[in-house]
Every structure is written in structure tokens, then in C-alpha cells.
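Peer 1: What follows is the file query.txt, containing compact mmCIF, C-alpha atoms:
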```txt
# COMPACT_ATOMS: atom_id res chain seq x y z
CA MET A 1 0.00 0.00 0.00
CA ALA A 2 1.38 3.40 -0.98
CA ARG A 3 2.05 6.10 1.57
CA GLU A 4 -0.55 8.76 1.94
CA PHE A 5 1.97 11.62 1.96
CA THR A 6 5.46 11.74 0.56
CA ARG A 7 8.42 12.95 2.54
CA ALA A 8 8.55 16.07 0.37
CA ASP A 9 4.95 16.86 1.36
CA ARG A 10 5.73 16.50 5.06
CA VAL A 11 8.84 18.69 4.73
CA ALA A 12 6.84 21.28 2.77
CA ASP A 13 4.25 21.44 5.55
CA ALA A 14 6.95 21.92 8.19
CA VAL A 15 8.73 24.57 6.10
CA LYS A 16 5.43 26.43 5.61
CA ARG A 17 4.69 26.54 9.34
CA ILE A 18 8.21 27.58 10.31
CA LEU A 19 8.56 30.17 7.52
CA ALA A 20 5.34 31.87 8.58
CA THR A 21 6.68 32.49 12.07
CA LEU A 22 10.24 33.32 10.94
CA ILE A 23 9.11 35.98 8.48
CA GLN A 24 6.89 37.56 11.11
CA GLN A 25 9.49 37.52 13.90
CA GLU A 26 12.86 37.85 12.16
CA ILE A 27 12.40 40.02 9.06
CA GLY A 28 12.33 43.70 9.87
CA ASP A 29 12.37 45.02 6.31
CA PRO A 30 9.52 47.53 5.86
CA ARG A 31 9.08 46.40 2.24
CA VAL A 32 7.94 43.00 3.49
CA GLY A 33 5.28 43.93 6.05
CA MET A 34 2.59 41.36 6.82
CA VAL A 35 3.00 38.18 4.79
CA ASN A 36 0.79 35.14 4.42
CA VAL A 37 2.53 31.95 3.32
CA ASN A 38 -0.12 30.28 1.15
CA ASP A 39 1.77 27.19 0.07
CA VAL A 40 5.22 25.65 -0.04
CA VAL A 41 6.23 23.11 -2.67
CA VAL A 42 9.42 21.14 -2.04
CA SER A 43 11.19 19.24 -4.81
CA ARG A 44 11.46 15.45 -4.49
CA ASP A 45 15.18 15.66 -3.68
CA LEU A 46 14.46 18.32 -1.00
CA ALA A 47 16.87 20.75 -2.68
CA ILE A 48 14.44 23.59 -3.48
CA ALA A 49 11.43 24.94 -1.63
CA LYS A 50 9.14 27.29 -3.53
CA ALA A 51 7.08 29.46 -1.17
CA TYR A 52 3.96 31.14 -2.55
CA ILE A 53 3.10 34.25 -0.56
CA THR A 54 0.63 37.12 -0.45
CA PHE A 55 0.97 40.45 1.28
CA ILE A 56 -1.79 41.41 3.67
CA GLY A 57 -3.22 44.88 3.12
CA ARG A 58 -1.46 45.53 -0.18
CA ASP A 59 -3.12 45.67 -3.58
CA ASP A 60 -0.34 47.41 -5.50
CA ASP A 61 1.55 44.91 -7.66
CA GLU A 62 4.70 47.06 -7.62
CA LYS A 63 4.93 47.07 -3.80
CA CYS A 64 4.22 43.35 -3.71
CA ALA A 65 7.03 42.78 -6.20
CA GLU A 66 9.38 44.83 -3.99
CA GLY A 67 8.39 42.73 -0.99
CA THR A 68 9.02 39.53 -2.94
CA VAL A 69 12.46 40.79 -3.98
CA ALA A 70 13.25 41.65 -0.35
CA LEU A 71 12.25 38.16 0.77
CA ASN A 72 14.32 36.55 -1.97
CA LYS A 73 17.33 38.59 -0.81
CA ALA A 74 16.71 37.43 2.77
CA ALA A 75 16.27 33.80 1.63
CA GLY A 76 19.76 32.79 2.73
CA TYR A 77 19.22 34.20 6.21
CA LEU A 78 15.81 32.53 6.45
CA ARG A 79 17.34 29.27 5.25
CA SER A 80 19.94 29.35 8.02
CA LEU A 81 17.23 29.97 10.63
CA LEU A 82 15.13 27.22 9.08
CA ALA A 83 18.08 24.79 9.28
CA LYS A 84 18.26 25.32 13.04
CA ARG A 85 14.60 24.34 13.44
CA LEU A 86 14.39 21.47 10.95
CA ASP A 87 16.11 18.15 11.56
CA LEU A 88 17.32 17.54 8.00
CA ARG A 89 20.71 16.76 6.51
CA THR A 90 20.33 19.57 3.98
CA THR A 91 17.92 22.46 4.14
CA PRO A 92 16.09 23.35 0.92
CA LYS A 93 17.05 26.53 -0.92
CA LEU A 94 14.18 29.02 -0.56
CA GLN A 95 12.49 30.81 -3.45
CA PHE A 96 9.59 33.20 -2.93
CA PHE A 97 6.83 33.85 -5.46
CA TYR A 98 4.00 36.36 -5.21
CA ASP A 99 0.65 34.55 -5.40
CA LYS A 100 -2.39 36.47 -6.66
CA THR A 101 -4.81 33.56 -6.25
CA PRO A 102 -6.54 34.81 -3.05
CA ILE A 103 -7.02 38.28 -4.56
CA ARG A 104 -8.53 36.80 -7.73
CA GLY A 105 -10.74 34.56 -5.62
CA GLN A 106 -12.10 37.52 -3.65
CA ALA A 107 -12.78 39.42 -6.87
CA LEU A 108 -14.61 36.47 -8.41
CA SER A 109 -16.59 35.92 -5.22
CA SER A 110 -17.69 39.56 -5.16
CA LEU A 111 -18.71 39.33 -8.83
CA ILE A 112 -20.79 36.23 -8.09
CA ASP A 113 -22.42 37.93 -5.10
CA LYS A 114 -23.19 40.99 -7.21
CA ALA A 115 -24.72 38.87 -9.98
CA LEU A 116 -26.85 36.96 -7.47
CA SER A 117 -28.13 40.16 -5.85
CA GLU A 118 -28.98 41.65 -9.26
CA ASP A 119 -30.78 38.45 -10.23
CA GLN A 120 -32.67 38.49 -6.93
CA SER A 121 -33.72 42.10 -7.47
CA ARG A 122 -34.99 41.26 -10.98
CA HIS A 123 -36.88 38.16 -9.82
CA PRO A 124 -37.98 38.77 -6.21
CA GLU A 125 -40.63 36.02 -6.31
CA GLN A 126 -37.96 33.26 -6.37
CA SER A 127 -36.52 32.28 -3.02
CA THR A 128 -32.75 32.21 -2.49
CA ASP A 129 -32.67 29.34 0.01
CA GLY A 130 -33.00 26.72 -2.69
CA SER A 131 -36.47 25.60 -1.69
CA ASP A 132 -38.98 25.43 -4.48
CA ASP A 133 -42.41 26.93 -3.76
CA THR A 134 -43.89 24.94 -6.63
CA ALA A 135 -43.05 21.57 -5.10
CA LEU A 136 -45.64 18.85 -4.91
CA PRO A 137 -47.74 18.84 -1.75
CA ASN A 138 -47.07 16.18 0.87
CA LYS A 139 -49.28 13.11 0.69
CA ASP A 140 -50.25 12.50 4.29
```
Turn the structure described in the file into C-alpha cells.
Peer 2:
Amino acid sequence: MAREFTRADRVADAVKRILATLIQQEIGDPRVGMVNVNDVVVSRDLAIAKAYITFIGRDDDEKCAEGTVALNKAAGYLRSLLAKRLDLRTTPKLQFFYDKTPIRGQALSSLIDKALSEDQSRHPEQSTDGSDDTALPNKD
């Protein structure tokens, strides 16, 4: 029977948890600010860890790019701190990538909510809870 999770998946989960606290506590660069580590993907040989991040409270792509550059410059320092907390022979090299997925998801969700409210205002006789008023009566 195959394993449920590979070693790379377990290492990626540990790196994600540790990176989230290290960035918050150890990086004092004002270009970075508040960071959310969305996902970490570690290569099968555990040589490279790609961290996908978003910046909380920032919508400007230019400032987010500056923050990503700052984190990539601090990657060596973060890697050394990560090595002290992980019990691995070699610590993966860190690469940071700005992830727009949560921002796109919020935009799509707001568009869906807007379309639903417009549809509800055009057809107020239909209920929004999914129950159908034209259902067959109960046969008691």
C-alpha cells in the first residue's frame, strides 16, 4: 500500500509553518510587512522549496514585487534559521513567489455575489434558500 503523503509533502508542511513564524518575527524590512505563506512546494530531492506568498493589506503589484524581492534577498538568512529548526541533513534553498490567487478569488466571489443580488432584485418572487415553492404537496 502506498504512503498517503510523501516525505517532500511533510517537509513542505513543516517549512510552511516555520517560515510563517520566521518571516513575522525575524524580518524587519519595511518592504515585506505582513505576509501570508499560502503554500510551499518542495522538490522530491528536498533541494528547493518554492514558497507562494501574499501580502496582507497591499493591492499594488509594484509594492508586492518589492516585498518579494526583499524576501528573496533574505532567503539565505531565512534558510539558516530554518536549518536550526528542521532536523534535516540539507535544508532546501528558498524561493519566494507572489501569489495572486486569493485576490482573484475575492474578486470572483464579489462578482458572483453581485450577480446573485442583481438576479434576486430582478426576480424577487424566487426564493434564495434553494427551496422550491412549486413543489408537490405532501401526501399524508
Peer 1: Let me make sure I understand: among A:Val15, A:Gln120, A:Val42, A:Glu125, which one has the smallest atom-to-atom distance to Lys84 of chain A if we use all atoms listed in the file?
Peer 2: A:Val15
Peer 1: Counting all atoms listed in the file, what are the residues of segment 79-100 of chain A within 10 Å of segment 36-41 of chain A, and for each of them which pair of atoms is the nearest and at what distance in Å, to one decimal? Sort the table by chain and rising number, as a Markdown table.
Peer 2:
```
| residue | atom | partner | partner_atom | distance |
| --- | --- | --- | --- | --- |
| A:Leu94 | CA | A:Val40 | CA | 9.6 |
| A:Gln95 | CA | A:Val40 | CA | 9.5 |
| A:Phe96 | CA | A:Val40 | CA | 9.2 |
| A:Phe97 | CA | A:Val37 | CA | 10.0 |
| A:Tyr98 | CA | A:Val37 | CA | 9.7 |
| A:Asp99 | CA | A:Asn38 | CA | 7.9 |
```
Peer 1: Taking all atoms listed in the file into account, name the residue in A:Ile56, A:Ala65, A:Leu88, A:Gly33 that is nearest to Arg7 of chain A.
Peer 2: A:Leu88
Peer 1: Nearest to Tyr77 of chain A among A:Met34, A:Ala12, A:Ala51, A:Leu19, with distances taken over all atoms listed in the file: which residue is it?
Peer 2: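 Looking only at the distances to Tyr77 of chain A, the closest residue turns out to be A:Leu19.
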Peer 1: What's the 12 Å shell around Arg79 of chain A, counting only C-alpha atoms, without same-chain residues fewer than 4 positions away, as JSON, numbers by chain?
Peer 2: {"A": [15, 18, 19, 22, 23, 26, 47, 48, 49, 71, 72, 73, 74, 75, 83, 84, 85, 86, 90, 91, 92, 93, 94, 95, 96]}
Peer 1: With distances taken over all atoms listed in the file, which residue among A:Val69, A:Val35, A:Ala8, A:Ile112 lies nearest Thr21 of chain A?
Peer 2: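 Counting all atoms listed in the file, the residue closest to Thr21 of chain A is A:Val35.
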